[in-house]
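**Student:** Next comes the structure file coords05.txt, holding compact mmCIF, C-alpha atoms and all ligand atoms.
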```
# COMPACT_ATOMS: atom_id res chain seq x y z
CA MET A 20 -7.63 22.34 35.13
CA THR A 21 -9.38 25.17 33.32
CA LYS A 22 -9.70 24.55 29.66
CA LYS A 23 -8.72 27.02 26.96
CA LYS A 24 -11.61 28.86 25.38
CA GLY A 25 -12.52 28.35 21.76
CA ARG A 26 -12.92 25.46 19.41
CA VAL A 27 -10.48 23.01 18.01
CA PHE A 28 -11.26 21.57 14.60
CA SER A 29 -9.67 18.67 12.82
CA GLY A 30 -10.79 16.52 9.94
CA ALA A 31 -9.70 13.17 8.63
CA ARG A 32 -10.81 11.24 5.60
CA PRO A 33 -12.80 8.04 6.24
CA THR A 34 -10.02 5.53 5.82
CA GLY A 35 -11.58 2.74 7.84
CA ARG A 36 -9.73 0.78 10.48
CA GLN A 37 -6.98 2.97 11.87
CA HIS A 38 -3.31 2.09 12.07
CA LEU A 39 -0.44 2.98 14.36
CA GLY A 40 0.43 5.98 12.16
CA ASN A 41 -3.09 7.41 12.56
CA TYR A 42 -2.97 6.76 16.27
CA LEU A 43 0.41 8.29 17.03
CA GLY A 44 0.11 11.02 14.40
CA ALA A 45 -3.45 12.16 15.03
CA ILE A 46 -5.85 10.30 17.33
CA LYS A 47 -3.67 10.46 20.44
CA ASN A 48 -3.52 14.19 20.03
CA TYR A 49 -7.28 14.49 19.37
CA VAL A 50 -7.90 12.70 22.65
CA ALA A 51 -5.47 14.91 24.59
CA LEU A 52 -6.96 18.13 23.20
CA GLN A 53 -10.28 17.23 24.80
CA ASP A 54 -8.64 18.04 28.12
CA THR A 55 -7.07 21.27 26.92
CA TYR A 56 -9.85 23.02 25.00
CA GLU A 57 -13.44 23.78 25.84
CA ASP A 58 -14.73 22.52 22.52
CA THR A 59 -13.29 19.94 20.20
CA ILE A 60 -14.74 19.14 16.80
CA TYR A 61 -13.62 16.09 14.88
CA CYS A 62 -15.01 15.61 11.44
CA ILE A 63 -14.87 12.64 9.12
CA VAL A 64 -14.41 14.39 5.82
CA ASP A 65 -16.19 12.12 3.38
CA VAL A 66 -16.67 14.84 0.77
CA HIS A 67 -12.94 15.48 0.72
CA ALA A 68 -12.46 11.76 0.20
CA LEU A 69 -14.43 11.93 -3.05
CA THR A 70 -11.59 13.90 -4.66
CA THR A 71 -9.47 10.78 -4.68
CA VAL A 72 -11.79 7.84 -4.01
CA GLU A 73 -13.49 6.55 -7.13
CA THR A 74 -15.34 3.57 -5.68
CA THR A 75 -17.61 4.65 -2.88
CA SER A 76 -19.05 1.28 -1.89
CA GLU A 77 -16.88 1.14 1.23
CA LEU A 78 -17.40 4.71 2.44
CA LYS A 79 -20.08 3.79 4.96
CA GLN A 80 -18.22 0.85 6.42
CA ASN A 81 -15.01 2.88 6.56
CA THR A 82 -16.79 5.69 8.38
CA TYR A 83 -18.19 3.22 10.88
CA ASP A 84 -14.87 1.45 11.45
CA MET A 85 -13.03 4.70 11.89
CA THR A 86 -15.54 6.03 14.40
CA LEU A 87 -15.35 2.78 16.33
CA ASP A 88 -11.57 3.15 16.55
CA TRP A 89 -11.83 6.80 17.57
CA LEU A 90 -14.26 5.98 20.36
CA ALA A 91 -12.22 3.04 21.57
CA ALA A 92 -9.12 5.25 21.60
CA GLY A 93 -10.74 7.68 24.01
CA MET A 94 -12.62 10.28 22.01
CA ARG A 95 -15.55 11.30 24.20
CA PRO A 96 -18.73 12.09 22.26
CA ASP A 97 -20.27 13.91 25.22
CA GLU A 98 -17.45 16.44 24.97
CA SER A 99 -16.32 16.34 21.38
CA MET A 100 -18.56 16.80 18.39
CA ILE A 101 -17.80 13.86 16.18
CA PHE A 102 -19.63 13.85 12.89
CA VAL A 103 -19.59 13.25 9.16
CA GLN A 104 -18.83 16.21 6.90
CA SER A 105 -21.62 15.56 4.38
CA HIS A 106 -24.22 15.58 7.18
CA ILE A 107 -23.69 19.33 7.39
CA PRO A 108 -24.26 20.47 3.79
CA GLU A 109 -23.79 24.08 4.92
CA VAL A 110 -20.09 23.47 4.46
CA MET A 111 -20.63 23.18 0.72
CA GLU A 112 -22.36 26.55 0.67
CA LEU A 113 -19.58 28.23 2.58
CA HIS A 114 -17.09 26.55 0.26
CA THR A 115 -18.79 28.23 -2.69
CA PHE A 116 -18.71 31.65 -1.02
CA LEU A 117 -15.05 31.23 -0.08
CA SER A 118 -14.18 30.13 -3.60
CA MET A 119 -15.04 33.66 -4.79
CA VAL A 120 -12.21 35.15 -2.75
CA THR A 121 -9.66 32.46 -3.60
CA PRO A 122 -7.23 33.08 -6.46
CA LEU A 123 -7.20 30.05 -8.74
CA GLY A 124 -3.47 30.35 -9.45
CA LYS A 125 -2.65 29.91 -5.78
CA LEU A 126 -4.62 26.68 -5.65
CA THR A 127 -2.93 25.17 -8.67
CA ASP A 128 0.48 26.23 -7.33
CA LEU A 129 0.11 24.33 -4.07
CA PRO A 130 2.59 21.46 -3.79
CA THR A 131 -0.18 19.16 -2.52
CA PHE A 132 -2.22 19.79 -5.68
CA LYS A 133 0.80 19.16 -7.91
CA GLU A 134 1.46 15.93 -6.09
CA LYS A 135 -2.10 14.75 -6.65
CA VAL A 136 -1.81 15.60 -10.33
CA ARG A 137 1.22 13.32 -10.48
CA GLN A 138 -0.54 10.60 -8.49
CA GLN A 139 -3.81 10.53 -10.42
CA PRO A 140 -3.25 12.07 -13.86
CA HIS A 141 -6.41 10.34 -15.11
CA ASN A 142 -8.58 12.07 -12.52
CA ILE A 143 -7.63 15.70 -12.09
CA ASN A 144 -11.04 16.87 -11.03
CA TYR A 145 -12.35 20.28 -10.07
CA GLY A 146 -12.83 19.13 -6.46
CA LEU A 147 -9.15 18.37 -6.20
CA VAL A 148 -8.28 21.97 -6.99
CA GLY A 149 -10.80 23.18 -4.44
CA TYR A 150 -9.70 20.79 -1.70
CA PRO A 151 -8.03 23.53 0.41
CA VAL A 152 -11.07 25.79 -0.02
CA LEU A 153 -13.33 23.07 1.34
CA MET A 154 -10.89 22.61 4.19
CA ALA A 155 -11.02 26.36 4.87
CA ALA A 156 -14.82 26.15 4.85
CA ASP A 157 -14.75 23.30 7.38
CA ILE A 158 -12.60 25.28 9.77
CA ALA A 159 -14.30 28.64 9.24
CA LEU A 160 -17.83 27.22 9.50
CA TYR A 161 -17.22 26.27 13.12
CA LYS A 162 -15.16 29.39 13.85
CA ALA A 163 -12.36 27.15 15.06
CA VAL A 164 -9.54 29.05 16.72
CA ALA A 165 -7.10 26.18 16.77
CA VAL A 166 -6.30 23.50 14.26
CA PRO A 167 -3.85 20.80 15.19
CA VAL A 168 -1.73 19.94 12.19
CA GLY A 169 1.55 18.30 11.41
CA VAL A 170 4.19 20.32 9.60
CA ASP A 171 3.22 18.88 6.22
CA GLN A 172 -0.24 20.42 6.56
CA ALA A 173 1.09 23.84 7.62
CA PRO A 174 0.84 25.39 4.12
CA HIS A 175 -2.82 24.37 3.92
CA LEU A 176 -3.61 26.02 7.20
CA GLU A 177 -1.76 29.16 6.20
CA PHE A 178 -3.92 29.12 3.11
CA THR A 179 -7.07 28.85 5.22
CA ARG A 180 -5.93 31.92 7.14
CA GLU A 181 -5.43 33.81 3.88
CA ILE A 182 -8.89 32.86 2.61
CA VAL A 183 -10.50 33.97 5.87
CA ARG A 184 -8.63 37.28 5.71
CA SER A 185 -9.63 37.80 2.08
CA PHE A 186 -13.26 37.09 2.88
CA ASN A 187 -13.34 39.46 5.84
CA TYR A 188 -11.52 42.13 3.84
CA ARG A 189 -13.65 41.80 0.70
CA TYR A 190 -16.91 42.05 2.61
CA ASN A 191 -15.63 44.41 5.26
CA THR A 192 -16.57 42.14 8.10
CA ASN A 193 -15.06 40.08 10.87
CA VAL A 194 -17.52 37.20 10.95
CA LEU A 195 -14.92 34.60 10.03
CA VAL A 196 -12.21 33.72 12.50
CA GLU A 197 -8.60 33.28 11.52
CA PRO A 198 -7.52 29.96 13.02
CA GLN A 199 -4.20 29.42 14.71
CA MET A 200 -2.13 26.43 13.92
CA VAL A 201 -1.44 24.18 16.87
CA ALA A 202 1.86 22.78 15.71
CA THR A 203 1.77 19.30 17.06
CA GLU A 204 4.86 17.26 17.28
CA VAL A 205 3.54 14.63 14.97
CA PRO A 206 5.97 11.81 14.52
CA LYS A 207 6.21 10.38 11.04
CA VAL A 208 5.52 6.77 11.80
CA LEU A 209 7.27 4.47 9.36
CA GLY A 210 5.63 1.36 8.02
CA ILE A 211 6.80 -2.20 8.50
CA ASP A 212 9.06 -1.68 5.47
CA GLY A 213 11.09 0.66 7.68
CA LYS A 214 11.31 3.16 4.81
CA ASN A 215 8.00 4.77 3.94
CA LYS A 216 5.37 6.54 6.00
CA MET A 217 2.98 3.97 7.41
CA GLY A 218 -0.23 3.89 5.39
CA LYS A 219 -2.89 1.65 3.95
CA SER A 220 -2.05 2.40 0.34
CA LEU A 221 1.41 0.87 0.74
CA ASN A 222 0.07 -1.97 2.85
CA ASN A 223 2.88 -1.41 5.32
CA HIS A 224 0.60 -0.67 8.25
CA ILE A 225 -0.28 -2.27 11.57
CA GLU A 226 -3.96 -1.92 12.44
CA LEU A 227 -4.96 -1.07 15.99
CA ALA A 228 -7.88 -3.47 15.87
CA SER A 229 -5.98 -6.53 14.62
CA THR A 230 -5.85 -9.62 16.78
CA PRO A 231 -2.71 -10.21 18.85
CA LYS A 232 -1.72 -12.97 16.44
CA GLU A 233 -2.15 -10.78 13.35
CA THR A 234 -0.19 -8.05 15.09
CA GLN A 235 2.66 -10.39 15.87
CA GLU A 236 2.73 -11.59 12.25
CA ARG A 237 2.98 -8.00 10.99
CA VAL A 238 5.64 -7.11 13.53
CA MET A 239 7.73 -10.12 12.52
CA GLN A 240 7.75 -8.72 8.96
CA MET A 241 9.24 -5.43 10.11
CA VAL A 242 12.48 -4.42 8.44
CA THR A 243 15.30 -3.78 10.91
CA ASP A 244 18.81 -2.30 10.52
CA PRO A 245 19.64 -3.33 6.93
CA GLN A 246 23.38 -3.46 7.71
CA ARG A 247 22.85 -6.20 10.22
CA ALA A 248 22.97 -9.33 8.09
CA ARG A 249 23.85 -11.93 10.71
CA LEU A 250 22.90 -12.41 14.32
CA SER A 251 26.56 -11.99 15.29
CA ASP A 252 26.75 -8.54 13.60
CA PRO A 253 26.28 -5.66 16.00
CA GLY A 254 23.14 -3.66 15.14
CA ASN A 255 22.47 0.04 15.10
CA PRO A 256 19.21 0.87 16.90
CA ASP A 257 19.46 4.48 15.69
CA VAL A 258 18.45 3.38 12.20
CA CYS A 259 16.03 0.64 13.20
CA ASN A 260 12.29 1.25 13.07
CA VAL A 261 11.61 -1.55 15.54
CA PHE A 262 13.75 0.25 18.08
CA THR A 263 11.89 3.51 17.38
CA MET A 264 8.67 1.67 18.15
CA HIS A 265 10.14 0.11 21.28
CA LYS A 266 10.82 3.64 22.52
CA ILE A 267 7.10 4.35 22.22
CA PHE A 268 5.60 1.13 23.51
CA SER A 269 8.17 -0.48 25.82
CA ASP A 270 9.25 0.66 29.25
CA ALA A 271 12.42 2.71 29.66
CA GLU A 272 14.46 -0.03 31.27
CA GLU A 273 13.71 -2.48 28.51
CA VAL A 274 14.49 0.13 25.85
CA GLU A 275 17.86 0.74 27.48
CA ARG A 276 18.62 -2.94 27.61
CA ILE A 277 17.66 -3.51 23.96
CA ASN A 278 19.74 -0.53 22.91
CA ASP A 279 22.75 -1.96 24.68
CA GLU A 280 22.29 -5.59 23.68
CA CYS A 281 21.60 -4.79 20.02
CA ARG A 282 24.83 -2.83 19.71
CA LYS A 283 26.73 -5.76 21.22
CA ALA A 284 24.88 -8.36 19.13
CA GLU A 285 23.54 -9.91 22.30
CA ILE A 286 19.93 -9.75 21.17
CA GLY A 287 18.80 -10.76 17.70
CA CYS A 288 16.19 -9.03 15.57
CA VAL A 289 13.73 -11.90 15.90
CA ALA A 290 13.80 -11.78 19.69
CA CYS A 291 13.65 -8.01 19.63
CA LYS A 292 10.57 -8.06 17.41
CA LYS A 293 8.84 -10.72 19.51
CA LEU A 294 9.33 -8.52 22.52
CA PHE A 295 7.95 -5.53 20.67
CA ALA A 296 4.90 -7.50 19.49
CA LYS A 297 4.23 -8.56 23.07
CA ASN A 298 4.50 -5.02 24.42
CA LEU A 299 2.43 -3.58 21.60
CA ASN A 300 -0.32 -6.14 22.15
CA GLU A 301 -0.32 -5.38 25.86
CA ASN A 302 -0.56 -1.66 25.14
CA LEU A 303 -3.42 -2.14 22.73
CA MET A 304 -5.40 -4.51 24.92
CA PRO A 305 -7.58 -1.88 26.65
CA PHE A 306 -8.27 -0.29 23.26
CA ARG A 307 -9.28 -3.63 21.79
CA GLU A 308 -11.54 -4.47 24.71
CA ARG A 309 -13.34 -1.14 24.44
CA ARG A 310 -13.62 -1.54 20.70
CA ALA A 311 -15.24 -4.94 21.08
CA GLU A 312 -17.75 -3.45 23.50
CA PHE A 313 -18.68 -0.59 21.15
CA ALA A 314 -18.89 -3.03 18.24
CA GLN A 315 -21.72 -4.86 19.97
CA ASP A 316 -23.93 -1.86 19.42
CA PRO A 317 -23.46 -0.43 15.93
CA ALA A 318 -26.54 1.76 16.36
CA TYR A 319 -24.73 3.59 19.16
CA VAL A 320 -21.86 4.44 16.84
CA TRP A 321 -24.23 5.96 14.28
CA ASP A 322 -26.07 7.77 17.10
CA VAL A 323 -22.78 9.38 18.13
CA LEU A 324 -22.31 10.68 14.59
CA ASN A 325 -25.90 11.89 14.30
CA ASP A 326 -25.78 13.61 17.63
CA GLY A 327 -22.44 15.23 16.75
CA ALA A 328 -23.96 16.50 13.52
CA ASP A 329 -27.00 17.89 15.34
CA ARG A 330 -24.76 19.94 17.62
CA ALA A 331 -22.42 21.04 14.85
CA ARG A 332 -25.34 22.05 12.60
CA VAL A 333 -26.47 24.69 15.07
CA ILE A 334 -23.08 26.42 14.84
CA ALA A 335 -22.89 25.91 11.08
CA GLN A 336 -26.27 27.50 10.39
CA GLU A 337 -25.50 30.46 12.58
CA THR A 338 -22.17 31.13 10.88
CA LEU A 339 -23.71 30.72 7.46
CA SER A 340 -26.44 33.23 8.09
CA GLU A 341 -23.86 35.73 9.35
CA VAL A 342 -21.79 35.07 6.24
CA LYS A 343 -24.73 35.69 3.92
CA GLU A 344 -25.58 38.87 5.70
CA ALA A 345 -21.96 40.05 5.52
CA ILE A 346 -21.88 39.38 1.78
CA GLY A 347 -25.12 41.28 1.38
CA LEU A 348 -27.13 38.55 -0.24
CA PRO A 349 -30.77 39.47 -0.53
P1 LIG B 401 -5.88 12.36 5.88
O1 LIG B 401 -4.46 12.81 6.19
O2 LIG B 401 -6.29 12.63 4.48
O3 LIG B 401 -6.88 12.83 6.85
P2 LIG B 401 -4.89 9.78 6.57
O4 LIG B 401 -5.60 8.52 6.83
O5 LIG B 401 -3.73 9.77 5.65
O6 LIG B 401 -5.94 10.78 6.03
O7 LIG B 401 -4.39 10.38 7.96
C1 LIG B 401 -5.23 10.69 9.04
C2 LIG B 401 -4.37 11.31 10.10
O8 LIG B 401 -3.38 10.40 10.53
C3 LIG B 401 -3.63 12.57 9.61
O9 LIG B 401 -3.59 13.51 10.63
C4 LIG B 401 -2.25 12.05 9.30
O10 LIG B 401 -1.25 13.02 9.43
C5 LIG B 401 -2.09 10.95 10.34
N1 LIG B 401 -1.20 9.91 9.83
C6 LIG B 401 -1.49 8.99 8.89
N2 LIG B 401 -0.44 8.18 8.66
C7 LIG B 401 0.56 8.58 9.48
C8 LIG B 401 1.90 8.15 9.72
N3 LIG B 401 2.42 7.10 9.08
N4 LIG B 401 2.63 8.82 10.62
C9 LIG B 401 2.09 9.88 11.29
N5 LIG B 401 0.85 10.33 11.13
C10 LIG B 401 0.07 9.71 10.23
```
Show me, as structure tokens, the structure contained in the file I just sent.
Ligand code: ADP

**Tutor:**
Amino acid sequence: MTKKKGRVFSGARPTGRQHLGNYLGAIKNYVALQDTYEDTIYCIVDVHALTTVETTSELKQNTYDMTLDWLAAGMRPDESMIFVQSHIPEVMELHTFLSMVTPLGKLTDLPTFKEKVRQQPHNINYGLVGYPVLMAADIALYKAVAVPVGVDQAPHLEFTREIVRSFNYRYNTNVLVEPQMVATEVPKVLGIDGKNKMGKSLNNHIELASTPKETQERVMQMVTDPQRARLSDPGNPDVCNVFTMHKIFSDAEEVERINDECRKAEIGCVACKKLFAKNLNENLMPFRERRAEFAQDPAYVWDVLNDGADRARVIAQETLSEVKEAIGLP
């Protein structure tokens, strides 16, 4: 299959060991894009993380753990550039240049900024306001043509496009490339509470790298159809997060059977969850085996990141010198 020309860029904050939400919502897609595009760039955006993270003692470990999960999940460092944002300080320079063509009012009007202000009223820092500008710099620095994002990130990407246009217009150039959004069908994976988006902050997540036993324990805590109080009550799989997960990790025949038996109260939630835990563990086994192999050689993981940075730096420096020339800096 011939791959599409151009670069894909995506960044994720170093959140450490990845969970099912990260996998289904991002990593799986990152892996697939390696087969579709000529170049894929995946960046661990540690500088972005500083806008919300106040204790940095775990940043290194989180970066390592996340990379380990990415590699085990099938990200191929010989094809993708996988690196840490702060290893390419050029992005900070481009951020500053882009900030000059970004209207402040637009930044403070963004719903994501307002949400952060609500979430951390004690720490409304300058970096938080500039978050989308740094994101624009990340994408523009590598002249990415395609950025896979879920719908919730669409406004940010639109904003990146505006910043790129403003820059090119202001300096009468076309050095920066306006990226296209690759609208990915990103499922919103719910946590074990069955209500909220799966995430570490709510501790409602299931980690990919957990042991089978830990996984089963988490799965057994999953909230099912709240209307189904007794085993003899018929359940409604349409509103049950365990059933949603079965559809992803269990084979079609089994899904059909559970659907049928749940509605007739022929299978209970405990049995249904045990089955899901078993299927999930089976699905994750190859991932866990690969992860254990990579974990035996931590130096390799850091080498991957260093090598990724070395390759990305070449592009970054080239873009930056074009940018400076376009601006007319002496
Ligand atoms: P960030 O979004 O700041 O990079 P996160 O750890 O929140 O950091 O998410 C990393 C990626 O995983 C993002 O693409 C995000 O959309 C995806 N993701 C995280 N949690 C979920 C979830 N519960 N459902 C779907 N996708 C998720």

**Student:** Quick one, how far is atom CA of Arg32 of chain A from atom CA of Asp58 of chain A?

**Tutor:**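 Result for atom CA of Arg32 of chain A versus atom CA of Asp58 of chain A: 20.7 Å, one decimal.
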
**Student:** Rank nothing, just name the residue among A:Gln172, A:Gln138, A:Thr75, A:Thr338 nearest to ligand LIG 401 (chain B), using all atoms listed in the file.

**Tutor:**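 Among the listed residues, the smallest separation from ligand LIG 401 (chain B) belongs to A:Gln172.
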
**Student:** Around all the atoms of segment 201-206 of chain A listed in the file, with 4 Å of room on each side, what axis-aligned box do you get, giving centre and edge lengths in Å to one decimal, as JSON?

**Tutor:**
```
{"center_x": 2.3, "center_y": 18.0, "center_z": 15.9, "size_x": 15.4, "size_y": 20.4, "size_z": 10.8}
```

**Student:** Give the residues close to ligand LIG 401 (chain B), within 7 Å, counting all atoms listed in the file; write them as a ChimeraX atom specification.

**Tutor:** /A:30-32,34,40-45,168-169,205-210,216-218

**Student:** At a cut-off of 9 Å around the point (-19.7, 41.2, 8.4) (file coordinates), what residues fall inside when counting all atoms listed in the file? I'd like the answer as an NGL selection string.

**Tutor:** :A and (187 or 190-195 or 341-347)

**Student:** Can you tell me how far atom CA of Thr121 of chain A sits from atom CA of Thr59 of chain A, in Å to one decimal?

**Tutor:**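 Straight-line distance from atom CA of Thr121 of chain A to atom CA of Thr59 of chain A works out to 27.1 Å.
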
**Student:** Write out as a list in words the residues lying within 6 Å of Ile211 of chain A, counting only C-alpha atoms and excluding same-chain residues fewer than 2 positions away.

**Tutor:**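 Contacts, with the query itself left out: Gly213, Asn223 and Met241 of chain A.
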
**Student:** Around the point (-9.8, 20.0, 23.0), in the coordinates given by the file, pick out the residues reaching within 12 Å, counting all atoms listed in the file, and return them as a PyMOL selection string.

**Tutor:** chain A and resi 21-29+46-61+94-96+98-100+163-167+201

**Student:** Take the residues from that selection and write them out as a PDB file, in the coordinates of the input, keeping C-alpha atoms.

**Tutor:**
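That gives us out38.pdb:
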```pdb
ATOM      1  CA  THR A  21      -9.380  25.170  33.320  1.00  0.00           C
ATOM      2  CA  LYS A  22      -9.700  24.550  29.660  1.00  0.00           C
ATOM      3  CA  LYS A  23      -8.720  27.020  26.960  1.00  0.00           C
ATOM      4  CA  LYS A  24     -11.610  28.860  25.380  1.00  0.00           C
ATOM      5  CA  GLY A  25     -12.520  28.350  21.760  1.00  0.00           C
ATOM      6  CA  ARG A  26     -12.920  25.460  19.410  1.00  0.00           C
ATOM      7  CA  VAL A  27     -10.480  23.010  18.010  1.00  0.00           C
ATOM      8  CA  PHE A  28     -11.260  21.570  14.600  1.00  0.00           C
ATOM      9  CA  SER A  29      -9.670  18.670  12.820  1.00  0.00           C
ATOM     10  CA  ILE A  46      -5.850  10.300  17.330  1.00  0.00           C
ATOM     11  CA  LYS A  47      -3.670  10.460  20.440  1.00  0.00           C
ATOM     12  CA  ASN A  48      -3.520  14.190  20.030  1.00  0.00           C
ATOM     13  CA  TYR A  49      -7.280  14.490  19.370  1.00  0.00           C
ATOM     14  CA  VAL A  50      -7.900  12.700  22.650  1.00  0.00           C
ATOM     15  CA  ALA A  51      -5.470  14.910  24.590  1.00  0.00           C
ATOM     16  CA  LEU A  52      -6.960  18.130  23.200  1.00  0.00           C
ATOM     17  CA  GLN A  53     -10.280  17.230  24.800  1.00  0.00           C
ATOM     18  CA  ASP A  54      -8.640  18.040  28.120  1.00  0.00           C
ATOM     19  CA  THR A  55      -7.070  21.270  26.920  1.00  0.00           C
ATOM     20  CA  TYR A  56      -9.850  23.020  25.000  1.00  0.00           C
ATOM     21  CA  GLU A  57     -13.440  23.780  25.840  1.00  0.00           C
ATOM     22  CA  ASP A  58     -14.730  22.520  22.520  1.00  0.00           C
ATOM     23  CA  THR A  59     -13.290  19.940  20.200  1.00  0.00           C
ATOM     24  CA  ILE A  60     -14.740  19.140  16.800  1.00  0.00           C
ATOM     25  CA  TYR A  61     -13.620  16.090  14.880  1.00  0.00           C
ATOM     26  CA  MET A  94     -12.620  10.280  22.010  1.00  0.00           C
ATOM     27  CA  ARG A  95     -15.550  11.300  24.200  1.00  0.00           C
ATOM     28  CA  PRO A  96     -18.730  12.090  22.260  1.00  0.00           C
ATOM     29  CA  GLU A  98     -17.450  16.440  24.970  1.00  0.00           C
ATOM     30  CA  SER A  99     -16.320  16.340  21.380  1.00  0.00           C
ATOM     31  CA  MET A 100     -18.560  16.800  18.390  1.00  0.00           C
ATOM     32  CA  ALA A 163     -12.360  27.150  15.060  1.00  0.00           C
ATOM     33  CA  VAL A 164      -9.540  29.050  16.720  1.00  0.00           C
ATOM     34  CA  ALA A 165      -7.100  26.180  16.770  1.00  0.00           C
ATOM     35  CA  VAL A 166      -6.300  23.500  14.260  1.00  0.00           C
ATOM     36  CA  PRO A 167      -3.850  20.800  15.190  1.00  0.00           C
ATOM     37  CA  VAL A 201      -1.440  24.180  16.870  1.00  0.00           C
TER      38      VAL A 201
END
```

**Student:** For the atom pair atom CA of Cys291 of chain A and atom CA of Glu308 of chain A, what is the interatomic distance in Å to one decimal place?

**Tutor:**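 Answer for the atom CA of Cys291 of chain A to atom CA of Glu308 of chain A separation: 25.9 Å.
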
**Student:** Quick one: residues within 10 Å of Phe178 of chain A, all atoms listed in the file counted, chain neighbours fewer than 2 positions away excluded, as JSON, numbers by chain?

**Tutor:** {"A": [121, 125, 126, 129, 151, 152, 154, 155, 173, 174, 175, 176, 180, 181, 182, 183, 184]}

**Student:** For the residues in that selection, give me C-alpha atoms as a compact mmCIF listing (two decimals), keeping the file's coordinate frame.

**Tutor:**
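What landed in part-v2.txt:
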```txt
# COMPACT_ATOMS: atom_id res chain seq x y z
CA THR A 121 -9.66 32.46 -3.60
CA LYS A 125 -2.65 29.91 -5.78
CA LEU A 126 -4.62 26.68 -5.65
CA LEU A 129 0.11 24.33 -4.07
CA PRO A 151 -8.03 23.53 0.41
CA VAL A 152 -11.07 25.79 -0.02
CA MET A 154 -10.89 22.61 4.19
CA ALA A 155 -11.02 26.36 4.87
CA ALA A 173 1.09 23.84 7.62
CA PRO A 174 0.84 25.39 4.12
CA HIS A 175 -2.82 24.37 3.92
CA LEU A 176 -3.61 26.02 7.20
CA ARG A 180 -5.93 31.92 7.14
CA GLU A 181 -5.43 33.81 3.88
CA ILE A 182 -8.89 32.86 2.61
CA VAL A 183 -10.50 33.97 5.87
CA ARG A 184 -8.63 37.28 5.71
```

**Student:** Measuring atom to atom with only C-alpha atoms, identify which of A:Ala314, A:Ala228, A:Leu90, A:Val103 is nearest to Leu78 of chain A.

**Tutor:**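 Using only C-alpha atoms, the shortest distance to Leu78 of chain A belongs to A:Val103.
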
**Student:** Skip Leu339 of chain A itself and residues of its chain fewer than 2 positions away, then list as JSON, numbers by chain all residues within 12 Å of it, counting only C-alpha atoms.

**Tutor:** {"A": [107, 108, 109, 110, 111, 112, 113, 114, 115, 116, 117, 156, 157, 159, 160, 161, 162, 194, 195, 332, 333, 334, 335, 336, 337, 341, 342, 343, 344, 345, 346, 348]}

**Student:** Would you write out, as CSV, a table of all residues in segment 232-257 of chain A that have an atom no more than 9 Å from an atom of segment 261-278 of chain A, listing for each the closest atom pair and the distance in Å to one decimal, considering only C-alpha atoms and ordering rows by chain and rising residue number?

**Tutor:**
```
residue,atom,partner,partner_atom,distance
A:Val238,CA,A:Val261,CA,8.4
A:Met241,CA,A:Val261,CA,7.1
A:Val242,CA,A:Val261,CA,7.7
A:Thr243,CA,A:Val261,CA,6.3
A:Asp244,CA,A:Val261,CA,8.8
A:Asn255,CA,A:Asn278,CA,8.3
A:Pro256,CA,A:Phe262,CA,5.6
A:Asp257,CA,A:Phe262,CA,7.5
```

**Student:** Nearest residue to Asn260 of chain A out of A:Ala248, A:Cys288, A:Leu227, A:Val323, using all atoms listed in the file?

**Tutor:**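 Answer, going by the shortest atom-to-atom distance: A:Cys288.
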
**Student:** Counting all atoms listed in the file, which residue out of A:Val320, A:Leu250, A:Gly327, A:Ser229 sits closest to Val289 of chain A?

**Tutor:**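 Comparing A:Val320, A:Leu250, A:Gly327, A:Ser229 against Val289 of chain A, the winner is A:Leu250.
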
**Student:** With only C-alpha atoms as the counted atoms, please give the residues lying no more than 8 Å from Glu226 of chain A, apart from itself and same-chain residues fewer than 2 positions off, as an MDAnalysis selection string.

**Tutor:** chainID A and resid 36:39 224 228:229 234

**Student:** Quick one: everything within 9 Å of Leu147 of chain A, counting all atoms listed in the file, minus sequence neighbours fewer than 5 positions away in the same chain. Send it as an NGL selection string.

**Tutor:** :A and (67 or 69-71 or 132 or 135-136 or 142)
